[in-house]
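Chemist: Quick one: this structure, given as structure tokens, is what I'll be asking you about.
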Amino acid sequence: MLTIQSLREDKDRVIQALSKRHVDATSDIEQVLEWDAARRQTQATLDDLLAQSNALSREIGGLMREGKKEAAEAVKGKTAEMREQTTDLKHRMHELEASIQDVLCTIPNTPHADVVAGKSAEDNIETARWGEIPTLHAGAMPHWELADRFKLIDFDLGSKVTGAGFPFYRGKGAKLQRGLIRMFLDCADEAGYEEFIPPLMINAESGFGTGQLPDKEGQMYHDVTDDLFLIPTAEVPLTNIYRDVMVKEQELPIKLCGYTPCFRREAGSYGKDVRGLNRLHQFDKVEIVQIDHPDRSYASLDSMVDHIKGLLEALELPYRILRLCGGDMGFTSAITYDFEVYSAAQKLWLEVSSVSNFETYQANRLKCRFKGSDGKPQLVHTLNGSALALPRIVAALLENHQDENGIRIPKALQAFCGFERID
RNA sequence: GGAGAGGUGGCCGAGUGGCUUAAGGCGCACGCUUGGAAAGCGUGUUUACUCGAGAGGGUAACCCGGGUUCGAAUCCCGGUCUCUCCA
């Protein structure tokens, strides 16, 4: 959520920045500012009235103590009207606050200066590329056929037991998952991220804190009986650790990581590019999160990007990095880099990681602050990235490292999996 | 699932309708004292909104949300979390 201060101080800059997303927030912002002015006006009146009313109450208290009952009763009469007024004003305040909040949380984050205007994925900027695209032997298979041939993943069984998008991993397929998770967690640990095993369900407050609610409710599985949501990413529980927290400046940056399954309804996804592991309702992911000082958050973003490069290079997967354009970026992000690996049999670039700086957008919702050198509370910056999401990594590993007889496991991964080949 | 007890500042803890502007203690910061330190003494030590150039002022907040009352940490209702016991 944008801060109301940023709108008061420089609404033109905000409107300008949002235009890169092809969002025209002019009327919403004008409306919010109007309500904000009304709210302040109302508060001034209310505070004044309450001050008077408090004074009268103290007077009554004094008179009662002295036993002057009639005098006290007389003063009581004066307070009746005042009470009605304060009740009205309090309601008015609540209404205005709620209206401001409702509109404010529908306005997305302002893109960083480096983000270009654009409508869709075609306008994203490629900022880096690494690795050779492998030439596969004749008869090379897409990963879903390899998974079937070597009995690594059973999609049909998942459909039977749960539904489409919930595969079973088995045998070396399961071990490969476990090995990747271990590798990613160990690398995050070495890079100074503290490991967590968070809850897989979150409450509505947490959903609001990181920006999944109220807007993207339909993307999460919702247990209505207890009003809990299955996490779409570990970002939600990990970042919400710091909801309503005043952190110490010298503790920054705070670096967290965690492996979790992720659950996404993927409502609206259809047909194309959803075969096999390309798009699932449940998948595994290791997430890295940083809570950082505003002055240093962009250096931290770079370090997260480097961390992910290291993982992909260790897995010997060719990748490219895209800086998303305004129109393709998530609602809460100020800047996002997507990592895509090349899946050689499908001949497709697959997104395997998304790294973002949210600046103060989530922090404002979370109320996560630190005390600056001037002693005043300031919002932190939050960042996160996938390091990494497993299914598409597995897809690319299987496809790119296949030969006539089987699949080669990259050297760096062998120790974690416990085998060198799948055949 | 049932019964009971409880939730007060950074921490401990008093407080059962108005001299509460939340006692007292611990911790922390600064000062005095000291050769230096400790002890001692003194001062200060929450957050949000808001008014003000500033100094400073107003309002709100004792788990959350309602209610009773001129007035609520305190009484009532609902929720939530923790603990104990039972199933």
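Chain lettering (A, B, ...) mirrors the order of the structure tokens, residue numbering begins at 1 for each chain separately, and ligand numbering begins at 1 in order of display.
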Any chance you could list, as a PyMOL selection string, the residues in range 55-235 of chain A that come up helix (DSSP H, G or I) when DSSP is run on the backbone?

Modeler: chain A and resi 55-65+69-104+121-123+143-149+155-161+172-190+204-210+217-219+235

Chemist: Select, as a PyMOL selection string, those residues of chain B with any atom no more than 10 Å from chain A (distances computed using only C-alpha atoms (C1' of nucleotides)).

Modeler: chain B and resi 18-19+47+49-51+58-60+70-71

Chemist: Residues at most 9 Å from Leu315 in chain A, counting only C-alpha atoms (C1' of nucleotides), excluding those fewer than 2 positions away in the same chain, as a ChimeraX atom specification?

Modeler: /A:310-313,317,393,397,409-413

Chemist: Limited to N, CA and C atoms, could you put the picked residues into a file as a compact mmCIF listing (two decimals), in the first residue's frame?

Modeler:
```txt
# COMPACT_ATOMS: atom_id res chain seq x y z
N GLY A 310 24.00 -18.06 -9.30
CA GLY A 310 24.90 -19.12 -8.84
C GLY A 310 24.22 -20.49 -8.84
N LEU A 311 22.96 -20.51 -8.42
CA LEU A 311 22.22 -21.78 -8.37
C LEU A 311 22.03 -22.35 -9.78
N LEU A 312 21.61 -21.49 -10.70
CA LEU A 312 21.32 -21.95 -12.06
C LEU A 312 22.59 -22.40 -12.76
N GLU A 313 23.69 -21.70 -12.49
CA GLU A 313 24.95 -22.07 -13.12
C GLU A 313 25.44 -23.40 -12.57
N LEU A 317 22.14 -24.91 -16.23
CA LEU A 317 20.96 -24.60 -17.03
C LEU A 317 21.10 -23.22 -17.66
N ILE A 393 12.44 -26.21 -12.96
CA ILE A 393 13.86 -26.58 -12.89
C ILE A 393 13.99 -28.05 -13.24
N LEU A 397 15.99 -29.64 -16.27
CA LEU A 397 17.05 -30.61 -15.96
C LEU A 397 16.85 -31.88 -16.77
N ILE A 409 22.81 -36.17 -14.08
CA ILE A 409 22.61 -35.23 -12.97
C ILE A 409 23.84 -34.31 -12.89
N PRO A 410 23.66 -32.99 -12.89
CA PRO A 410 24.82 -32.09 -12.82
C PRO A 410 25.66 -32.36 -11.57
N LYS A 411 26.95 -32.18 -11.73
CA LYS A 411 27.90 -32.51 -10.67
C LYS A 411 27.50 -31.92 -9.31
N ALA A 412 27.16 -30.64 -9.32
CA ALA A 412 26.88 -29.94 -8.05
C ALA A 412 25.69 -30.54 -7.32
N LEU A 413 24.82 -31.20 -8.07
CA LEU A 413 23.60 -31.75 -7.48
C LEU A 413 23.76 -33.19 -7.01
```

Chemist: With only C-alpha atoms (C1' of nucleotides) as the counted atoms, please give the residues lying no more than 6 Å from range 329-341 of chain A, apart from itself and same-chain residues fewer than 2 positions off, as number ranges by chain.

Modeler: A: 108-112, 318-324, 326-327, 349-358

Chemist: Of the candidates B:G17, B:G6, B:C11, B:C26, which one gets nearest to A72 in chain B if we count only C-alpha atoms (C1' of nucleotides)?

Modeler: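 Result for the nearest residue to A72 in chain B: B:G17.
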
Chemist: Find the distance between CA of Arg369 in chain A and CA of Val289 in chain A and write it in Å to one decimal.

Modeler: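 Those two atoms sit 16.0 Å apart.
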
Chemist: Excluding range 230-239 of chain A and any residue of its chain fewer than 4 positions from it, enumerate the residues within 8 Å of it, using only C-alpha atoms (C1' of nucleotides), and give them as a compact mmCIF listing (two decimals) with all heavy atoms, in the first residue's frame.

Modeler:
```txt
# COMPACT_ATOMS: atom_id res chain seq x y z
N PHE A 196 13.73 -21.29 8.00
CA PHE A 196 12.48 -21.45 8.73
C PHE A 196 11.65 -22.55 8.09
O PHE A 196 11.71 -22.76 6.88
CB PHE A 196 11.63 -20.17 8.67
CG PHE A 196 12.11 -19.06 9.56
CD1 PHE A 196 13.18 -18.27 9.18
CD2 PHE A 196 11.49 -18.81 10.77
CE1 PHE A 196 13.63 -17.23 10.00
CE2 PHE A 196 11.92 -17.78 11.59
CZ PHE A 196 13.00 -17.00 11.21
N PRO A 198 7.87 -22.64 7.97
CA PRO A 198 6.69 -21.88 8.39
C PRO A 198 5.41 -22.70 8.28
O PRO A 198 5.41 -23.77 7.65
CB PRO A 198 6.66 -20.73 7.38
CG PRO A 198 7.24 -21.32 6.14
CD PRO A 198 8.25 -22.35 6.58
N PRO A 199 4.33 -22.19 8.87
CA PRO A 199 3.03 -22.82 8.67
C PRO A 199 2.65 -22.75 7.19
O PRO A 199 3.04 -21.80 6.51
CB PRO A 199 2.06 -21.97 9.48
CG PRO A 199 2.89 -21.12 10.36
CD PRO A 199 4.22 -21.00 9.74
N LEU A 200 1.88 -23.72 6.74
CA LEU A 200 1.45 -23.74 5.34
C LEU A 200 0.10 -23.08 5.16
O LEU A 200 -0.40 -22.95 4.05
CB LEU A 200 1.39 -25.19 4.82
CG LEU A 200 2.72 -25.96 4.93
CD1 LEU A 200 2.57 -27.34 4.32
CD2 LEU A 200 3.86 -25.21 4.25
N MET A 201 -0.51 -22.68 6.29
CA MET A 201 -1.76 -21.94 6.18
C MET A 201 -1.57 -20.60 6.88
O MET A 201 -0.84 -20.49 7.86
CB MET A 201 -2.90 -22.72 6.84
CG MET A 201 -3.13 -24.06 6.19
SD MET A 201 -4.63 -24.87 6.79
CE MET A 201 -5.79 -24.34 5.55
N ILE A 202 -2.26 -19.60 6.36
CA ILE A 202 -2.14 -18.25 6.92
C ILE A 202 -3.52 -17.66 7.13
O ILE A 202 -4.48 -18.07 6.49
CB ILE A 202 -1.33 -17.33 5.99
CG1 ILE A 202 -1.87 -17.41 4.54
CG2 ILE A 202 0.13 -17.67 6.02
CD1 ILE A 202 -2.32 -16.14 3.96
N SER A 206 -2.41 -11.87 7.55
CA SER A 206 -1.15 -12.11 6.86
C SER A 206 -1.33 -11.96 5.35
O SER A 206 -0.45 -11.43 4.67
CB SER A 206 -0.63 -13.50 7.19
OG SER A 206 -0.29 -13.57 8.56
N GLY A 207 -2.47 -12.42 4.86
CA GLY A 207 -2.76 -12.27 3.44
C GLY A 207 -2.79 -10.81 3.04
O GLY A 207 -2.30 -10.43 1.97
N GLY A 209 -1.16 -8.42 4.69
CA GLY A 209 0.18 -7.87 4.92
C GLY A 209 1.08 -7.92 3.70
O GLY A 209 1.79 -6.96 3.40
N THR A 210 1.07 -9.02 3.00
CA THR A 210 1.95 -9.13 1.84
C THR A 210 1.24 -8.82 0.52
O THR A 210 1.86 -8.86 -0.53
CB THR A 210 2.58 -10.54 1.77
OG1 THR A 210 1.66 -11.50 2.27
CG2 THR A 210 3.84 -10.61 2.61
N GLN A 219 -6.97 -16.58 -6.06
CA GLN A 219 -5.79 -17.36 -6.41
C GLN A 219 -5.36 -18.31 -5.30
O GLN A 219 -4.51 -19.16 -5.49
CB GLN A 219 -4.61 -16.42 -6.74
CG GLN A 219 -4.77 -15.69 -8.07
CD GLN A 219 -4.79 -16.63 -9.26
OE1 GLN A 219 -4.21 -17.70 -9.25
NE2 GLN A 219 -5.49 -16.22 -10.31
N MET A 220 -5.95 -18.13 -4.11
CA MET A 220 -5.55 -18.98 -2.98
C MET A 220 -6.65 -19.99 -2.66
O MET A 220 -7.84 -19.70 -2.81
CB MET A 220 -5.28 -18.12 -1.75
CG MET A 220 -4.02 -17.30 -1.84
SD MET A 220 -3.59 -16.54 -0.27
CE MET A 220 -4.82 -15.27 -0.13
N TYR A 221 -6.24 -21.15 -2.18
CA TYR A 221 -7.20 -22.11 -1.64
C TYR A 221 -7.63 -21.60 -0.27
O TYR A 221 -6.79 -21.24 0.55
CB TYR A 221 -6.56 -23.49 -1.53
CG TYR A 221 -6.34 -24.14 -2.86
CD1 TYR A 221 -5.10 -24.06 -3.50
CD2 TYR A 221 -7.37 -24.83 -3.49
CE1 TYR A 221 -4.89 -24.64 -4.73
CE2 TYR A 221 -7.17 -25.42 -4.73
CZ TYR A 221 -5.94 -25.32 -5.36
OH TYR A 221 -5.75 -25.90 -6.56
N HIS A 222 -8.92 -21.60 -0.04
CA HIS A 222 -9.47 -20.99 1.16
C HIS A 222 -10.25 -22.03 1.96
O HIS A 222 -11.19 -22.62 1.44
CB HIS A 222 -10.40 -19.85 0.73
CG HIS A 222 -10.93 -19.04 1.88
ND1 HIS A 222 -11.95 -18.14 1.75
CD2 HIS A 222 -10.57 -19.01 3.18
CE1 HIS A 222 -12.21 -17.58 2.91
NE2 HIS A 222 -11.38 -18.09 3.81
N ASP A 223 -9.83 -22.24 3.20
CA ASP A 223 -10.61 -23.09 4.10
C ASP A 223 -11.62 -22.19 4.80
O ASP A 223 -11.27 -21.43 5.71
CB ASP A 223 -9.67 -23.76 5.12
CG ASP A 223 -10.43 -24.35 6.28
OD1 ASP A 223 -11.65 -24.61 6.13
OD2 ASP A 223 -9.83 -24.55 7.34
N ARG A 243 5.33 -8.63 10.67
CA ARG A 243 4.15 -7.77 10.75
C ARG A 243 4.05 -7.19 12.15
O ARG A 243 4.25 -7.90 13.13
CB ARG A 243 2.89 -8.58 10.39
CG ARG A 243 1.60 -7.84 10.59
CD ARG A 243 0.50 -8.38 9.69
NE ARG A 243 0.33 -9.82 9.79
CZ ARG A 243 -0.40 -10.44 10.75
NH1 ARG A 243 -0.99 -9.73 11.69
NH2 ARG A 243 -0.51 -11.75 10.75
N LEU A 256 15.96 -14.27 5.59
CA LEU A 256 15.24 -15.49 5.93
C LEU A 256 15.08 -16.36 4.70
O LEU A 256 15.03 -15.85 3.58
CB LEU A 256 13.81 -15.16 6.38
CG LEU A 256 13.56 -13.91 7.19
CD1 LEU A 256 12.06 -13.65 7.26
CD2 LEU A 256 14.13 -14.08 8.57
N CYS A 257 14.99 -17.66 4.94
CA CYS A 257 14.65 -18.52 3.82
C CYS A 257 13.79 -19.65 4.33
O CYS A 257 13.72 -19.90 5.54
CB CYS A 257 15.89 -19.06 3.13
SG CYS A 257 16.80 -20.25 4.10
N GLY A 258 13.13 -20.32 3.42
CA GLY A 258 12.32 -21.45 3.82
C GLY A 258 11.88 -22.26 2.62
O GLY A 258 11.64 -21.70 1.55
N TYR A 259 11.83 -23.56 2.85
CA TYR A 259 11.25 -24.43 1.84
C TYR A 259 9.79 -24.68 2.22
O TYR A 259 9.51 -24.97 3.38
CB TYR A 259 11.99 -25.77 1.78
CG TYR A 259 11.08 -26.89 1.33
CD1 TYR A 259 10.62 -26.93 0.02
CD2 TYR A 259 10.60 -27.84 2.23
CE1 TYR A 259 9.72 -27.89 -0.38
CE2 TYR A 259 9.70 -28.82 1.83
CZ TYR A 259 9.25 -28.84 0.53
OH TYR A 259 8.35 -29.77 0.13
N THR A 260 8.90 -24.57 1.27
CA THR A 260 7.51 -24.97 1.49
C THR A 260 6.91 -25.46 0.17
O THR A 260 7.35 -25.05 -0.89
CB THR A 260 6.58 -23.81 1.93
OG1 THR A 260 6.42 -22.88 0.84
CG2 THR A 260 7.09 -23.09 3.16
N PRO A 261 5.91 -26.31 0.28
CA PRO A 261 5.03 -26.48 -0.87
C PRO A 261 4.25 -25.18 -1.05
O PRO A 261 4.03 -24.44 -0.09
CB PRO A 261 4.09 -27.60 -0.44
CG PRO A 261 4.69 -28.20 0.78
CD PRO A 261 5.52 -27.14 1.42
N CYS A 262 3.84 -24.90 -2.28
CA CYS A 262 3.05 -23.71 -2.56
C CYS A 262 1.77 -24.17 -3.26
O CYS A 262 1.80 -25.13 -4.05
CB CYS A 262 3.79 -22.77 -3.49
SG CYS A 262 5.37 -22.23 -2.82
N PHE A 263 0.68 -23.49 -2.96
CA PHE A 263 -0.62 -23.89 -3.49
C PHE A 263 -1.25 -22.75 -4.26
O PHE A 263 -1.41 -21.66 -3.70
CB PHE A 263 -1.54 -24.31 -2.34
CG PHE A 263 -0.97 -25.42 -1.51
CD1 PHE A 263 -0.17 -25.13 -0.40
CD2 PHE A 263 -1.19 -26.74 -1.84
CE1 PHE A 263 0.37 -26.14 0.37
CE2 PHE A 263 -0.66 -27.77 -1.07
CZ PHE A 263 0.13 -27.48 0.03
N ARG A 264 -1.56 -23.00 -5.52
CA ARG A 264 -2.17 -21.93 -6.32
C ARG A 264 -3.32 -22.48 -7.14
O ARG A 264 -3.19 -23.50 -7.79
CB ARG A 264 -1.12 -21.31 -7.26
CG ARG A 264 0.01 -20.68 -6.47
CD ARG A 264 0.96 -19.91 -7.33
NE ARG A 264 2.06 -19.42 -6.50
CZ ARG A 264 3.10 -18.73 -6.95
NH1 ARG A 264 3.19 -18.44 -8.23
NH2 ARG A 264 4.04 -18.32 -6.12
N LYS A 285 9.05 -25.02 -3.43
CA LYS A 285 9.86 -23.84 -3.69
C LYS A 285 10.67 -23.48 -2.46
O LYS A 285 10.20 -23.62 -1.33
CB LYS A 285 8.94 -22.66 -4.07
CG LYS A 285 9.67 -21.36 -4.35
CD LYS A 285 8.82 -20.40 -5.19
CE LYS A 285 7.59 -19.91 -4.46
NZ LYS A 285 7.90 -19.05 -3.32
N VAL A 286 11.90 -23.04 -2.69
CA VAL A 286 12.67 -22.42 -1.62
C VAL A 286 12.64 -20.92 -1.88
O VAL A 286 12.92 -20.47 -2.99
CB VAL A 286 14.13 -22.94 -1.59
CG1 VAL A 286 14.97 -22.13 -0.60
CG2 VAL A 286 14.14 -24.42 -1.22
N GLU A 287 12.26 -20.20 -0.84
CA GLU A 287 12.10 -18.75 -0.98
C GLU A 287 13.13 -18.04 -0.12
O GLU A 287 13.43 -18.49 1.00
CB GLU A 287 10.68 -18.37 -0.51
CG GLU A 287 10.31 -16.92 -0.67
CD GLU A 287 9.90 -16.55 -2.10
OE1 GLU A 287 9.93 -17.44 -2.99
OE2 GLU A 287 9.56 -15.38 -2.32
N ILE A 288 13.70 -16.96 -0.65
CA ILE A 288 14.57 -16.11 0.18
C ILE A 288 13.90 -14.75 0.36
O ILE A 288 13.27 -14.23 -0.57
CB ILE A 288 15.99 -15.95 -0.41
CG1 ILE A 288 15.95 -15.50 -1.87
CG2 ILE A 288 16.76 -17.26 -0.28
CD1 ILE A 288 17.32 -15.25 -2.49
N VAL A 289 14.02 -14.21 1.57
CA VAL A 289 13.37 -12.95 1.92
C VAL A 289 14.38 -12.05 2.62
O VAL A 289 15.19 -12.53 3.41
CB VAL A 289 12.16 -13.21 2.87
CG1 VAL A 289 11.61 -11.91 3.44
CG2 VAL A 289 11.06 -13.98 2.15
N THR A 382 11.06 -4.39 1.93
CA THR A 382 11.03 -5.85 1.90
C THR A 382 11.35 -6.34 0.49
O THR A 382 11.01 -5.67 -0.49
CB THR A 382 9.66 -6.42 2.32
OG1 THR A 382 8.65 -5.97 1.41
CG2 THR A 382 9.27 -5.99 3.72
N ASN A 384 11.95 -10.20 -1.87
CA ASN A 384 11.97 -11.65 -1.87
C ASN A 384 12.25 -12.20 -3.25
O ASN A 384 12.19 -11.48 -4.24
CB ASN A 384 10.69 -12.23 -1.28
CG ASN A 384 9.48 -12.00 -2.15
OD1 ASN A 384 9.52 -12.23 -3.35
ND2 ASN A 384 8.41 -11.52 -1.56
```

Chemist: Check the smallest atom-to-atom distance from each of A:Leu252, A:Cys325, A:Leu379, A:Cys105 to Lys216 in chain A using only C-alpha atoms, then report the winner.

Modeler: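 Ranked by minimum distance to Lys216 in chain A, first place goes to A:Cys105.
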
Chemist: Tell me which of A:Arg129, A:His281, A:Lys376, A:His22 sits closest to Gly165 in chain A, counting only C-alpha atoms.

Modeler: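 The shortest atom-to-atom distance to Gly165 in chain A comes from A:His281.
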
Chemist: For G13 in chain B, please output as a VMD selection string all residues within 9 Å (counting only C-alpha atoms (C1' of nucleotides); exclusion window: fewer than 4 positions along the same chain).

Modeler: chain B and resid 8 24 to 25

Chemist: Put those residues in a file: C-alpha atoms (C1' of nucleotides), as a PDB file, in the first residue's frame.

Modeler:
```pdb
ATOM      1  C1'   U B   8      -1.526  -3.916  31.850  1.00  0.00           C
ATOM      2  C1'   G B  24       6.642   0.466  42.338  1.00  0.00           C
ATOM      3  C1'   G B  25      10.744  -2.255  40.484  1.00  0.00           C
TER       4        G B  25
END
```

Chemist: Looking only at the backbone, which of the residues in range 62-180 of chain A does DSSP tag as strand (DSSP E), as an MDAnalysis selection string?

Modeler: chainID A and resid 125:130 153:154 168:169

Chemist: I need the residues from that last selection saved to file as a PDB file, in the first residue's frame (with N, CA and C atoms), if you can.

Modeler:
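Listed below is the output, again-v2.pdb:
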```
ATOM      1  N   ILE A 125      12.537  -6.353 -20.563  1.00  0.00           N
ATOM      2  CA  ILE A 125      13.894  -6.097 -21.045  1.00  0.00           C
ATOM      3  C   ILE A 125      14.810  -7.230 -20.600  1.00  0.00           C
ATOM      4  N   GLU A 126      15.488  -7.843 -21.565  1.00  0.00           N
ATOM      5  CA  GLU A 126      16.454  -8.868 -21.192  1.00  0.00           C
ATOM      6  C   GLU A 126      17.731  -8.173 -20.726  1.00  0.00           C
ATOM      7  N   THR A 127      18.166  -8.498 -19.495  1.00  0.00           N
ATOM      8  CA  THR A 127      19.349  -7.798 -18.962  1.00  0.00           C
ATOM      9  C   THR A 127      20.574  -8.689 -18.898  1.00  0.00           C
ATOM     10  N   ALA A 128      20.378 -10.002 -18.998  1.00  0.00           N
ATOM     11  CA  ALA A 128      21.538 -10.897 -18.953  1.00  0.00           C
ATOM     12  C   ALA A 128      21.149 -12.234 -19.554  1.00  0.00           C
ATOM     13  N   ARG A 129      22.173 -12.958 -20.005  1.00  0.00           N
ATOM     14  CA  ARG A 129      21.934 -14.289 -20.565  1.00  0.00           C
ATOM     15  C   ARG A 129      23.172 -15.125 -20.293  1.00  0.00           C
ATOM     16  N   TRP A 130      22.996 -16.383 -19.941  1.00  0.00           N
ATOM     17  CA  TRP A 130      24.138 -17.246 -19.608  1.00  0.00           C
ATOM     18  C   TRP A 130      23.898 -18.647 -20.138  1.00  0.00           C
ATOM     19  N   ILE A 153       7.631 -39.212 -12.190  1.00  0.00           N
ATOM     20  CA  ILE A 153       6.483 -38.400 -11.788  1.00  0.00           C
ATOM     21  C   ILE A 153       5.240 -39.036 -12.384  1.00  0.00           C
ATOM     22  N   ASP A 154       4.193 -39.159 -11.555  1.00  0.00           N
ATOM     23  CA  ASP A 154       2.952 -39.759 -12.052  1.00  0.00           C
ATOM     24  C   ASP A 154       1.823 -38.738 -11.987  1.00  0.00           C
ATOM     25  N   PHE A 168       2.178 -36.906  -8.314  1.00  0.00           N
ATOM     26  CA  PHE A 168       3.008 -37.690  -7.403  1.00  0.00           C
ATOM     27  C   PHE A 168       4.426 -37.708  -7.962  1.00  0.00           C
ATOM     28  N   TYR A 169       5.408 -37.546  -7.096  1.00  0.00           N
ATOM     29  CA  TYR A 169       6.799 -37.780  -7.463  1.00  0.00           C
ATOM     30  C   TYR A 169       7.163 -39.114  -6.845  1.00  0.00           C
TER      31      TYR A 169
END
```

Chemist: Rounded to one decimal place, report the CA of Gly179 in chain A-CA of Phe166 in chain A distance in Å.

Modeler: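 CA of Phe166 in chain A lies at a distance of 19.9 Å from CA of Gly179 in chain A.
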
Chemist: Hey, what's within 12 Å of U80 in chain B if we count only C-alpha atoms (C1' of nucleotides) and toss same-chain stuff fewer than 4 positions away? As an MDAnalysis selection string, please?

Modeler: chainID B and resid 7 63:65

Chemist: Quick one: pull the distance between CA of Ile181 in chain A and CA of Ala387 in chain A, Å, one decimal.

Modeler: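 For CA of Ile181 in chain A relative to CA of Ala387 in chain A, the distance reads 9.6 Å.
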